[in-house]
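Visitor: Please read through the structure below; I'll follow up with questions.
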Amino acid sequence: MLRRGSQALRRFSTGRVYFKSKLKLALIGQSLFGQEVYSHLCKEGHRVVGVFTVPDKDGKADPLALAAEKDGTPVFKLPKWRVKGKTIKEVAEAYRSVGAELNVLPFCTQFIPMDIIDSPKHGSIIYHPSILPRHRGASAINWTLIMGDKKAGFSVFWADDGLDTGPILLQRSCDVEPNDTVDALYNRFLFPEGIKAMISWDQSAEVLHNWIRGHDKVPGAWTEINGQMVTFYGSTLLNSSVPPGEPLEIKGAKKPGLVTKNGLVLFGNDGKALMVRNLQFEDGKMIPASQYFSAGETSVVELTAEEVKVAETIKDIWAGILSNVPVIEDSTDFFKSGASSMDVARLVEEIRQKCGGLQLQNEDVYMATKFEDFIQKVVRKLRGEDQEVELVVDYISKEVNEMMVKMPYQCFINGRFTDADDGKTYDTINPTDGSTIGKVSYASLADVDKAVAAAKDAFENGEWGRMNARERGRLMYRLADLLEENQEELATIEALDSGAVYTLALKTHIGMSVQTFRYFAGWCDKIQGSTIPINQARPNRNLTFTKKEPLGVCAIIIPWNYPLMMLAWKSAACLAAGNTLVLKPAQVTPLTALKFAELSVKAGFPKGVINIIPGSGGIAGQRLSEHPDIRKLGFTGSTPIGKQIMKSCAVSNLKKVSLELGGKSPLIIFNDCELDKAVRMGMGAVFFNKGENCIAAGRLFVEESIHDEFVTRVVEEIKKMKIGDPLDRSTDHGPQNHKAHLEKLLQYCETGVKEGATLVYGGRQVQRPGFFMEPTVFTDVEDYMYLAKEESFGPIMVISKFQNGDVDGVLQRANNTEFGLASGVFTRDINKAMYVSEKLEAGTVFINTYNKTDVAAPFGGVKQSGFGKDLGEEALNEYLKTKTVTLEY
């Protein structure tokens with residue numbers, strides 16, 4: 001053994017010489033694993049002189065044989081290599097005829113005699129889908145999962161008398177995540193094969209989970225239910241409470257399973273549970289586990305003339321793949337006719353190319369293996385029915401505003417609604433009366449990690465990362481249409497959850513969200529780089545160009561004043577750029593974000609692209625800031641929190657950051673203004689959306705000669721405002737967002753009075769249920785006062801007087817703040833207006849208007865109001881990276 005190992009090490013050390021002369025290799029093995037190894041060796045320049053694999057099955061050649069035959073490589077399909085312990089003479093002669101210098105064995109299930117192993121002058125090496133020596137003798141990487149290993153990978157080693165006990169030449173490894181499957185691991189390496197494994201039930205939930213996921217897709221872990229073999233796929237540990245369901249007796253299990261709306265719940269001998277997503281029956285048919293008791297109840301869809309044409313196209317695709325089948329009939333089974341998992345990928349791709357970009361998942365093929373069932377599934381997907389059935393949503397339902405409002409309340413992770421990992425919830429409150437709307441999932445650190453992992457997988461391995469830009473735009477247009485179709489329900493939810501006046505929510509909260517998604521949908525296929533002339537590398541020439549590429553997984557943290565609109569402002573640009581996202585809504589206003597998640601599924605967004613995690617900033621928000629797999633974080637909120645986020649993003653992985661933070665926006669009203677307009681828009685600048693507006697005019701500077709009249713007219717108009725139920729169409733002013741914010745505003749007013757400012761109107765809570773505050777006006781506010789420096793974020797107008805004609809003086813006072821989000825000026829003098837707009841230190845300047853934002857106009861602040869832009873073309877750059885490519889020719 002030692003002598004042989006020494007020779008092996010010597011051979012390996014001189015491998016460079018053999019490579020130069022191109023080794024003549026015999027490949028002995030099978031499966032997609034073998035095919036991948038074969039392709040790699042050919043690419044490296046070696047000559048494969050013979051492939052020795054298994055006979056055809058059901059008229060279909062092994063993937064390794066197919067690849068070799070296509071290249072003209074000699075292929076030998078041998079049922080066995082020896083009889084009664086001795087090598088078959090004809091087999092040995094066939095092997096030696098190719099003159100191999102080295103044997104390579106990738107996933108070989110046959111016993112290869114040692115005289116064949118020793119025959120080449122360089123011996124034999126084996127490609128083993130596991131990390132040795134942990135699983136010597138085990139057939140594949142599924143044992144990594146079965147045994148609960150924390151590392152997975154593959155090994156290349158010399159074969160010896162024990163076949164898999166020779167010296168290891170090379171190993172590669174990766175971490176095993178808690179809910180990884182064989183497929184997930186092989187996405188990082190190669191692909192699995194194996195045999196089906198029966199489940200032994202007298203084990204803990206974790207061991208059962210490891211066994212099922214270790215045999216996921218191929219080979220499959222099975223049990224007996226109602227007298228037939230049923231194979232389980234898609235296992236996850238169930239850490240939350242067990243949902244209600246219908247009992248299902250399972251042979252050998254001490255406790256019946258539960259068929260629930262999310263899947264089949266199974267129980268270990270430790271009382272803990274796991275959930276299985278899909279079931280496959282003996283005839284090959286696969287169904288969602290949640291549909292076990294209703295699997296035969298689906299009605300047959302009658303095809304339209306256009307759908308019949310699609311079916312004919314797909315029949316031709318099947319015929320091309322199943323070349324051994326004379327005629328494709330309704331009863332033709334894809335896999336029983338000899339198709340392999342490689343053919344699944346081909347089928348999905350050909351349908352995408354020939355059927356108008358229709359994007360299927362590999363799982364769709366496994367779910368409908370007979371041609372008739374497959375066409376039904378395709379047609380349902382074309383009609384959008386398939387996704388609506390698959391999404392399971394629990395709602396908080398309320399009869400309100402003359403409609404039934406349905407509000408999801410769970411975390412939305414990887415395309416499904418789910419309870420928080422630890423089962424925690426919190427109450428979301430209606431600010432109109434202080435009542436509880438319902439309990440919402442309170443995301444834990446584990447939920448954040450799951451959401452990020454889902455987004456990462458969707459970006460790196462899912463169809464989103466492969467989708468062309470125009471198709472991405474189509475999905476965003478569809479989502480915008482769905483937002484518009486559901487605008488009344490969304491506006492009602494905004495009124496319930498945030499206190500937004502319903503009519504304003506329709507126009508702004510929802511209306512601008514729709515516009516934002518449509519605007520950025522149009523950008524999807526217009527993101528492009530440029531060519532750059534550089535000094536040529538004479539006598540050769542160079543071409544240099546740039547590419548705009550997505551960053552990867554992005555985190556978005558939004559505030560509570562415009563719950564859906566803030567989501568749209570950031571996520572639309574993020575998605576248009578091709579990223580995936582994890583979004584944390586404000587803890588007090590999560591409901592429209594979760595409704596948005598539901599609509600994104602209906603729009604056709606692939607799972608994992610959009611993830612919504614309600615919960616606290618201190619837990620979920622902080623974890624997003626620190627997470628190493630997030631490449632960009634977009635935040636709107638207070639300056640102190642923004643600073644903390646920026647620090648966490650820097651020390652974690654130096655992720656890109658954009659921050660839209662606090663404001664104390666000045667509004668300068670000159671005596672030559674159009675006073676009616678200045679009064680009307682000045683009030684809007686302060687009281688719009690109850691003052692809960694990041695660009696609200698935090699301080700009005702009114703020229704001395706019109707000061708008193710301006711104040712008088714403002715108070716007169718305030719008295720006309722109707723304060724009340726935001727769902728009442730005549731209401732002008734709804735409740736503040738939440739109780740703590742109302743209390744902060746009342747304290748703000750008390751501070752202003754103590755410091756000597758004049759409280760002209762309001763300053764009190766309205767005496768009625770809910771969190772209502774009177775619109776408030778302060779005058780005689782001096783520059784040193786708290787009211788002049790700090791943002792109220794509420795319906796409080798802070799007015800300061802300035803001397804007639806003192807343009808530069810008022811500009812100095814207006815800029816004497818660390819904030820710089822927005823600003824405004826009212827004057828009929830265009831020269832004065834332009835001069836003031838140049839001097840104001842703010843990201844936005846409004847002239848003779850206010851609050852006029854548009855989806856095409858960049859929005860963002862300077863100084864301690866943050867950096868980076870929402871909206872407009874510039875917002876795309878926040879979610880893109882530039883790559884420079886130079887080639888010589």
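Scheme for the structure tokens: letters A, B, ... for chains in order shown; per-chain residue numbers from 1; ligand numbers from 1 in order shown.
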Report as a ChimeraX atom specification: the residues of range 544-687 of chain A with a DSSP assignment of strand (DSSP E), based on the backbone of this structure.

Guide: /A:544-550,553-557,580-584,610-612,630-636,656-660,665-669

Visitor: Considering only C-alpha atoms, return as a count of residues only whatever protein or nucleic-acid residues lie within 12 Å of Lys570 in chain A, sequence-local ones (same chain, fewer than 3 positions apart) excluded.

Guide: 50

Visitor: Please provide as a list in words all residues within 8 Å of Val679 in chain A, with the sequence filter that same-chain residues fewer than 6 positions apart are discarded (counting only C-alpha atoms).

Guide: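 After dropping sequence-adjacent residues, the list is Phe710, Arg713 and Val714 of chain A.
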
Visitor: Store the residues picked out above, limited to all heavy atoms, as a short mmCIF file (atom, residue, chain, number, x, y, z; two decimals), in the first residue's frame.

Guide:
data_model
loop_
_atom_site.label_atom_id
_atom_site.label_comp_id
_atom_site.auth_asym_id
_atom_site.auth_seq_id
_atom_site.Cartn_x
_atom_site.Cartn_y
_atom_site.Cartn_z
N PHE A 710 -49.93 86.91 5.94
CA PHE A 710 -49.72 85.50 5.63
C PHE A 710 -50.19 84.62 6.78
O PHE A 710 -50.92 83.65 6.59
CB PHE A 710 -48.22 85.25 5.34
CG PHE A 710 -47.90 83.81 5.03
CD1 PHE A 710 -47.99 83.33 3.73
CD2 PHE A 710 -47.50 82.93 6.03
CE1 PHE A 710 -47.69 82.00 3.44
CE2 PHE A 710 -47.21 81.59 5.75
CZ PHE A 710 -47.30 81.13 4.45
N ARG A 713 -54.06 84.58 7.14
CA ARG A 713 -54.74 83.79 6.12
C ARG A 713 -54.50 82.29 6.31
O ARG A 713 -55.39 81.47 6.05
CB ARG A 713 -54.30 84.25 4.73
CG ARG A 713 -54.81 85.67 4.44
CD ARG A 713 -54.33 86.22 3.13
NE ARG A 713 -54.85 85.45 1.99
CZ ARG A 713 -54.73 85.86 0.72
NH1 ARG A 713 -54.12 87.01 0.45
NH2 ARG A 713 -55.20 85.13 -0.26
N VAL A 714 -53.32 81.93 6.79
CA VAL A 714 -53.06 80.51 7.07
C VAL A 714 -53.99 80.00 8.16
O VAL A 714 -54.59 78.92 8.04
CB VAL A 714 -51.58 80.30 7.47
CG1 VAL A 714 -51.39 78.94 8.14
CG2 VAL A 714 -50.67 80.41 6.26
#

Visitor: Compile the contact shell of Ser530 in chain A as a list in words: residues with an atom at most 8 Å away, counting only C-alpha atoms, same-chain residues fewer than 4 positions apart removed.

Guide: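 Final neighbour list, sorted by chain and number: Phe545, Thr546 and Lys547 of chain A.
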
Visitor: Now that the selection is made, can you save its residues with N, CA and C atoms as a short mmCIF file (atom, residue, chain, number, x, y, z; two decimals), in the first residue's frame?

Guide:
data_model
loop_
_atom_site.label_atom_id
_atom_site.label_comp_id
_atom_site.auth_asym_id
_atom_site.auth_seq_id
_atom_site.Cartn_x
_atom_site.Cartn_y
_atom_site.Cartn_z
N PHE A 545 -14.56 48.76 -23.34
CA PHE A 545 -15.96 49.13 -23.16
C PHE A 545 -16.36 48.90 -21.72
N THR A 546 -17.44 49.53 -21.31
CA THR A 546 -17.95 49.35 -19.95
C THR A 546 -19.29 48.63 -20.00
N LYS A 547 -19.56 47.90 -18.92
CA LYS A 547 -20.84 47.21 -18.76
C LYS A 547 -21.45 47.66 -17.43
#

Visitor: Between CA of Met797 in chain A and CA of Pro775 in chain A, what is the distance in Å, rounded to a tenth?

Guide: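 Distance reported for this atom pair: 8.0 Å.
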
Visitor: Neighbouring residues of range 27-42 of chain A were defined as those with any atom within 8 Å, considering only C-alpha atoms; residues of the same chain fewer than 3 positions away were excluded. Please report them as a compact mmCIF listing (two decimals) with N, CA and C atoms, in the first residue's frame.

Guide:
# COMPACT_ATOMS: atom_id res chain seq x y z
N GLY A 45 -7.72 19.46 -22.97
CA GLY A 45 -6.79 19.04 -24.00
C GLY A 45 -6.42 17.57 -23.99
N HIS A 46 -6.96 16.81 -23.03
CA HIS A 46 -6.67 15.37 -23.00
C HIS A 46 -7.50 14.65 -24.06
N ARG A 47 -7.06 13.49 -24.42
CA ARG A 47 -7.76 12.70 -25.45
C ARG A 47 -8.44 11.51 -24.78
N VAL A 48 -9.74 11.49 -24.82
CA VAL A 48 -10.49 10.36 -24.28
C VAL A 48 -10.59 9.31 -25.38
N GLY A 50 -11.64 6.14 -25.01
CA GLY A 50 -12.76 5.22 -24.86
C GLY A 50 -13.60 5.56 -23.65
N VAL A 51 -14.91 5.41 -23.80
CA VAL A 51 -15.85 5.62 -22.70
C VAL A 51 -16.53 4.29 -22.41
N PHE A 52 -16.48 3.87 -21.15
CA PHE A 52 -17.07 2.60 -20.72
C PHE A 52 -18.19 2.92 -19.74
N THR A 53 -19.42 2.64 -20.16
CA THR A 53 -20.57 3.04 -19.36
C THR A 53 -21.61 1.94 -19.35
N VAL A 54 -22.79 2.25 -18.85
CA VAL A 54 -23.85 1.25 -18.68
C VAL A 54 -24.71 1.16 -19.94
N ASP A 62 -27.22 6.68 -21.56
CA ASP A 62 -26.75 7.45 -20.42
C ASP A 62 -26.18 8.79 -20.91
N PRO A 63 -26.31 9.87 -20.11
CA PRO A 63 -25.78 11.18 -20.53
C PRO A 63 -24.31 11.16 -20.93
N LEU A 64 -23.49 10.36 -20.24
CA LEU A 64 -22.07 10.26 -20.60
C LEU A 64 -21.92 9.66 -21.99
N ALA A 65 -22.69 8.60 -22.27
CA ALA A 65 -22.62 7.98 -23.59
C ALA A 65 -23.06 8.94 -24.68
N ALA A 67 -22.86 12.21 -24.77
CA ALA A 67 -21.84 13.22 -25.02
C ALA A 67 -20.68 12.64 -25.80
N ALA A 68 -20.25 11.43 -25.45
CA ALA A 68 -19.12 10.81 -26.13
C ALA A 68 -19.47 10.44 -27.57
N ASN A 103 -6.88 5.68 -16.34
CA ASN A 103 -8.33 5.53 -16.17
C ASN A 103 -8.85 6.67 -15.29
N VAL A 104 -10.00 7.21 -15.67
CA VAL A 104 -10.70 8.20 -14.84
C VAL A 104 -12.09 7.64 -14.56
N LEU A 105 -12.44 7.51 -13.28
CA LEU A 105 -13.71 6.92 -12.89
C LEU A 105 -14.58 7.98 -12.20
N PRO A 106 -15.53 8.59 -12.92
CA PRO A 106 -16.49 9.50 -12.27
C PRO A 106 -17.82 8.79 -12.03
N PHE A 107 -18.21 8.67 -10.82
CA PHE A 107 -19.45 7.99 -10.42
C PHE A 107 -19.63 6.67 -11.16
N CYS A 108 -18.94 5.68 -10.72
CA CYS A 108 -18.99 4.35 -11.34
C CYS A 108 -19.70 3.39 -10.39
N THR A 109 -20.88 2.89 -10.78
CA THR A 109 -21.65 2.00 -9.91
C THR A 109 -21.28 0.54 -10.12
N LEU A 190 -21.26 19.39 -9.11
CA LEU A 190 -21.74 18.62 -10.24
C LEU A 190 -23.18 18.19 -9.99
N PHE A 191 -23.58 17.02 -10.39
CA PHE A 191 -24.96 16.60 -10.27
C PHE A 191 -25.05 15.20 -9.66
N PRO A 192 -26.16 14.89 -8.95
CA PRO A 192 -26.27 13.62 -8.23
C PRO A 192 -26.98 12.52 -8.99
N GLU A 193 -26.66 11.32 -8.66
CA GLU A 193 -27.43 10.16 -9.06
C GLU A 193 -27.51 9.25 -7.84
N MET A 342 -31.11 15.68 -17.57
CA MET A 342 -30.54 16.57 -18.56
C MET A 342 -31.60 16.99 -19.59

Visitor: Just the residues within 10 Å of Val259 in chain A, please, counting only C-alpha atoms, with nothing from its chain fewer than 4 positions along; format it as a ChimeraX atom specification.

Guide: /A:243-248,263-266,275-276,289-293

Visitor: To one decimal place in Å, what is the distance between CA of Ile314 in chain A and CA of Pro326 in chain A?

Guide: 15.6 Å

Visitor: Can you tell me how far CA of Ile413 in chain A sits from CA of Lys151 in chain A, in Å to one decimal?

Guide: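 Computing it gives 24.8 Å between the two atoms.
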
Visitor: So that I can see what lies close to range 837-839 of chain A, please list as a PyMOL selection string the residues with an atom at most 10 Å from it, counting only C-alpha atoms and leaving out residues fewer than 3 positions away in the same chain.

Guide: chain A and resi 808+811-812+814-815+823-825+831-834+842+844-847

Visitor: Output N, CA, C and O atoms of each residue in that selection to a file, as a PDB file, in the first residue's frame.

Guide:
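Listing of result16.pdb after writing:
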ATOM      1  N   ASP A 808     -29.685  88.015   0.936  1.00  0.00           N
ATOM      2  CA  ASP A 808     -28.527  87.250   1.395  1.00  0.00           C
ATOM      3  C   ASP A 808     -28.638  86.873   2.871  1.00  0.00           C
ATOM      4  O   ASP A 808     -28.191  85.788   3.282  1.00  0.00           O
ATOM      5  N   LEU A 811     -30.957  83.916   3.151  1.00  0.00           N
ATOM      6  CA  LEU A 811     -30.283  82.726   2.634  1.00  0.00           C
ATOM      7  C   LEU A 811     -29.321  82.149   3.661  1.00  0.00           C
ATOM      8  O   LEU A 811     -29.227  80.927   3.830  1.00  0.00           O
ATOM      9  N   GLN A 812     -28.600  83.034   4.346  1.00  0.00           N
ATOM     10  CA  GLN A 812     -27.674  82.561   5.366  1.00  0.00           C
ATOM     11  C   GLN A 812     -28.412  81.834   6.482  1.00  0.00           C
ATOM     12  O   GLN A 812     -27.969  80.784   6.958  1.00  0.00           O
ATOM     13  N   ALA A 814     -31.380  80.371   6.176  1.00  0.00           N
ATOM     14  CA  ALA A 814     -31.974  79.148   5.614  1.00  0.00           C
ATOM     15  C   ALA A 814     -30.957  78.020   5.533  1.00  0.00           C
ATOM     16  O   ALA A 814     -31.282  76.847   5.751  1.00  0.00           O
ATOM     17  N   ASN A 815     -29.711  78.388   5.240  1.00  0.00           N
ATOM     18  CA  ASN A 815     -28.658  77.367   5.105  1.00  0.00           C
ATOM     19  C   ASN A 815     -27.997  77.016   6.430  1.00  0.00           C
ATOM     20  O   ASN A 815     -27.152  76.109   6.467  1.00  0.00           O
ATOM     21  N   SER A 823     -36.022  72.451  -0.328  1.00  0.00           N
ATOM     22  CA  SER A 823     -36.138  73.880  -0.038  1.00  0.00           C
ATOM     23  C   SER A 823     -37.138  74.473  -1.016  1.00  0.00           C
ATOM     24  O   SER A 823     -37.547  73.820  -1.981  1.00  0.00           O
ATOM     25  N   GLY A 824     -37.543  75.731  -0.770  1.00  0.00           N
ATOM     26  CA  GLY A 824     -38.491  76.369  -1.674  1.00  0.00           C
ATOM     27  C   GLY A 824     -38.403  77.871  -1.619  1.00  0.00           C
ATOM     28  O   GLY A 824     -37.905  78.449  -0.644  1.00  0.00           O
ATOM     29  N   VAL A 825     -38.877  78.508  -2.680  1.00  0.00           N
ATOM     30  CA  VAL A 825     -38.899  79.959  -2.748  1.00  0.00           C
ATOM     31  C   VAL A 825     -40.141  80.397  -3.532  1.00  0.00           C
ATOM     32  O   VAL A 825     -40.486  79.794  -4.548  1.00  0.00           O
ATOM     33  N   ASN A 831     -35.209  86.399 -11.702  1.00  0.00           N
ATOM     34  CA  ASN A 831     -33.786  86.530 -11.398  1.00  0.00           C
ATOM     35  C   ASN A 831     -33.515  86.210  -9.925  1.00  0.00           C
ATOM     36  O   ASN A 831     -32.543  85.520  -9.589  1.00  0.00           O
ATOM     37  N   LYS A 832     -34.378  86.736  -9.065  1.00  0.00           N
ATOM     38  CA  LYS A 832     -34.234  86.447  -7.638  1.00  0.00           C
ATOM     39  C   LYS A 832     -34.424  84.953  -7.372  1.00  0.00           C
ATOM     40  O   LYS A 832     -33.682  84.352  -6.586  1.00  0.00           O
ATOM     41  N   ALA A 833     -35.420  84.376  -8.036  1.00  0.00           N
ATOM     42  CA  ALA A 833     -35.702  82.950  -7.844  1.00  0.00           C
ATOM     43  C   ALA A 833     -34.500  82.097  -8.231  1.00  0.00           C
ATOM     44  O   ALA A 833     -34.117  81.166  -7.519  1.00  0.00           O
ATOM     45  N   MET A 834     -33.867  82.414  -9.377  1.00  0.00           N
ATOM     46  CA  MET A 834     -32.731  81.628  -9.833  1.00  0.00           C
ATOM     47  C   MET A 834     -31.516  81.830  -8.928  1.00  0.00           C
ATOM     48  O   MET A 834     -30.771  80.885  -8.645  1.00  0.00           O
ATOM     49  N   ALA A 842     -29.395  72.393  -0.811  1.00  0.00           N
ATOM     50  CA  ALA A 842     -30.408  71.341  -0.712  1.00  0.00           C
ATOM     51  C   ALA A 842     -30.400  70.503  -1.977  1.00  0.00           C
ATOM     52  O   ALA A 842     -29.999  70.969  -3.048  1.00  0.00           O
ATOM     53  N   THR A 844     -33.085  69.406  -3.497  1.00  0.00           N
ATOM     54  CA  THR A 844     -34.213  69.817  -4.333  1.00  0.00           C
ATOM     55  C   THR A 844     -34.597  71.254  -3.980  1.00  0.00           C
ATOM     56  O   THR A 844     -34.629  71.614  -2.800  1.00  0.00           O
ATOM     57  N   VAL A 845     -34.880  72.053  -5.002  1.00  0.00           N
ATOM     58  CA  VAL A 845     -35.392  73.412  -4.794  1.00  0.00           C
ATOM     59  C   VAL A 845     -36.700  73.537  -5.567  1.00  0.00           C
ATOM     60  O   VAL A 845     -36.754  73.268  -6.768  1.00  0.00           O
ATOM     61  N   PHE A 846     -37.760  73.933  -4.865  1.00  0.00           N
ATOM     62  CA  PHE A 846     -39.049  74.201  -5.505  1.00  0.00           C
ATOM     63  C   PHE A 846     -39.205  75.713  -5.681  1.00  0.00           C
ATOM     64  O   PHE A 846     -38.976  76.471  -4.740  1.00  0.00           O
ATOM     65  N   ILE A 847     -39.604  76.151  -6.869  1.00  0.00           N
ATOM     66  CA  ILE A 847     -39.824  77.581  -7.132  1.00  0.00           C
ATOM     67  C   ILE A 847     -41.292  77.772  -7.472  1.00  0.00           C
ATOM     68  O   ILE A 847     -41.801  77.217  -8.453  1.00  0.00           O
TER      69      ILE A 847
END

Visitor: Between A:Arg380, A:Lys643, A:His738, A:His707, which residue has the minimum interatomic distance to Glu302 in chain A, considering only C-alpha atoms?

Guide: A:Arg380

Visitor: Can you list every residue in range 388-529 of chain A that DSSP puts in alpha helix (DSSP H), as a PyMOL selection string?

Guide: chain A and resi 388-390+445-460+463-466+469-485+487-498+502-504+511-523

Visitor: Using 12 Å as the limit and counting only C-alpha atoms, can you tabulate each residue of range 262-290 of chain A that touches range 343-364 of chain A, with its shortest atom-to-atom distance in Å and the two atoms involved, as a tab-separated table?

Guide:
residue	atom	partner	partner_atom	distance
A:Arg277	CA	A:Glu363	CA	11.4
A:Asn278	CA	A:Glu363	CA	9.5
A:Leu279	CA	A:Glu363	CA	11.5
A:Gln280	CA	A:Glu363	CA	11.4
A:Lys285	CA	A:Asp364	CA	10.8
A:Met286	CA	A:Glu363	CA	8.9
A:Ile287	CA	A:Asp364	CA	9.7
A:Pro288	CA	A:Glu363	CA	10.4

Visitor: May I have the selected residues written with N, CA and C atoms, as a PDB file, in the first residue's frame?

Guide:
ATOM      1  N   ARG A 277     -42.573  19.418   0.822  1.00  0.00           N
ATOM      2  CA  ARG A 277     -43.302  20.251  -0.131  1.00  0.00           C
ATOM      3  C   ARG A 277     -43.990  19.455  -1.240  1.00  0.00           C
ATOM      4  N   ASN A 278     -43.313  18.418  -1.794  1.00  0.00           N
ATOM      5  CA  ASN A 278     -43.848  17.698  -2.946  1.00  0.00           C
ATOM      6  C   ASN A 278     -43.841  16.190  -2.718  1.00  0.00           C
ATOM      7  N   LEU A 279     -44.774  15.496  -3.364  1.00  0.00           N
ATOM      8  CA  LEU A 279     -44.879  14.043  -3.297  1.00  0.00           C
ATOM      9  C   LEU A 279     -44.886  13.479  -4.716  1.00  0.00           C
ATOM     10  N   GLN A 280     -44.202  12.333  -4.888  1.00  0.00           N
ATOM     11  CA  GLN A 280     -44.224  11.662  -6.185  1.00  0.00           C
ATOM     12  C   GLN A 280     -44.743  10.243  -5.995  1.00  0.00           C
ATOM     13  N   LYS A 285     -46.071  10.587 -11.289  1.00  0.00           N
ATOM     14  CA  LYS A 285     -46.737  11.866 -11.132  1.00  0.00           C
ATOM     15  C   LYS A 285     -46.323  12.528  -9.816  1.00  0.00           C
ATOM     16  N   MET A 286     -46.018  13.808  -9.881  1.00  0.00           N
ATOM     17  CA  MET A 286     -45.637  14.564  -8.696  1.00  0.00           C
ATOM     18  C   MET A 286     -46.685  15.640  -8.440  1.00  0.00           C
ATOM     19  N   ILE A 287     -47.028  15.845  -7.155  1.00  0.00           N
ATOM     20  CA  ILE A 287     -48.015  16.858  -6.785  1.00  0.00           C
ATOM     21  C   ILE A 287     -47.500  17.645  -5.589  1.00  0.00           C
ATOM     22  N   PRO A 288     -48.008  18.872  -5.395  1.00  0.00           N
ATOM     23  CA  PRO A 288     -47.730  19.549  -4.123  1.00  0.00           C
ATOM     24  C   PRO A 288     -48.324  18.730  -2.982  1.00  0.00           C
TER      25      PRO A 288
END
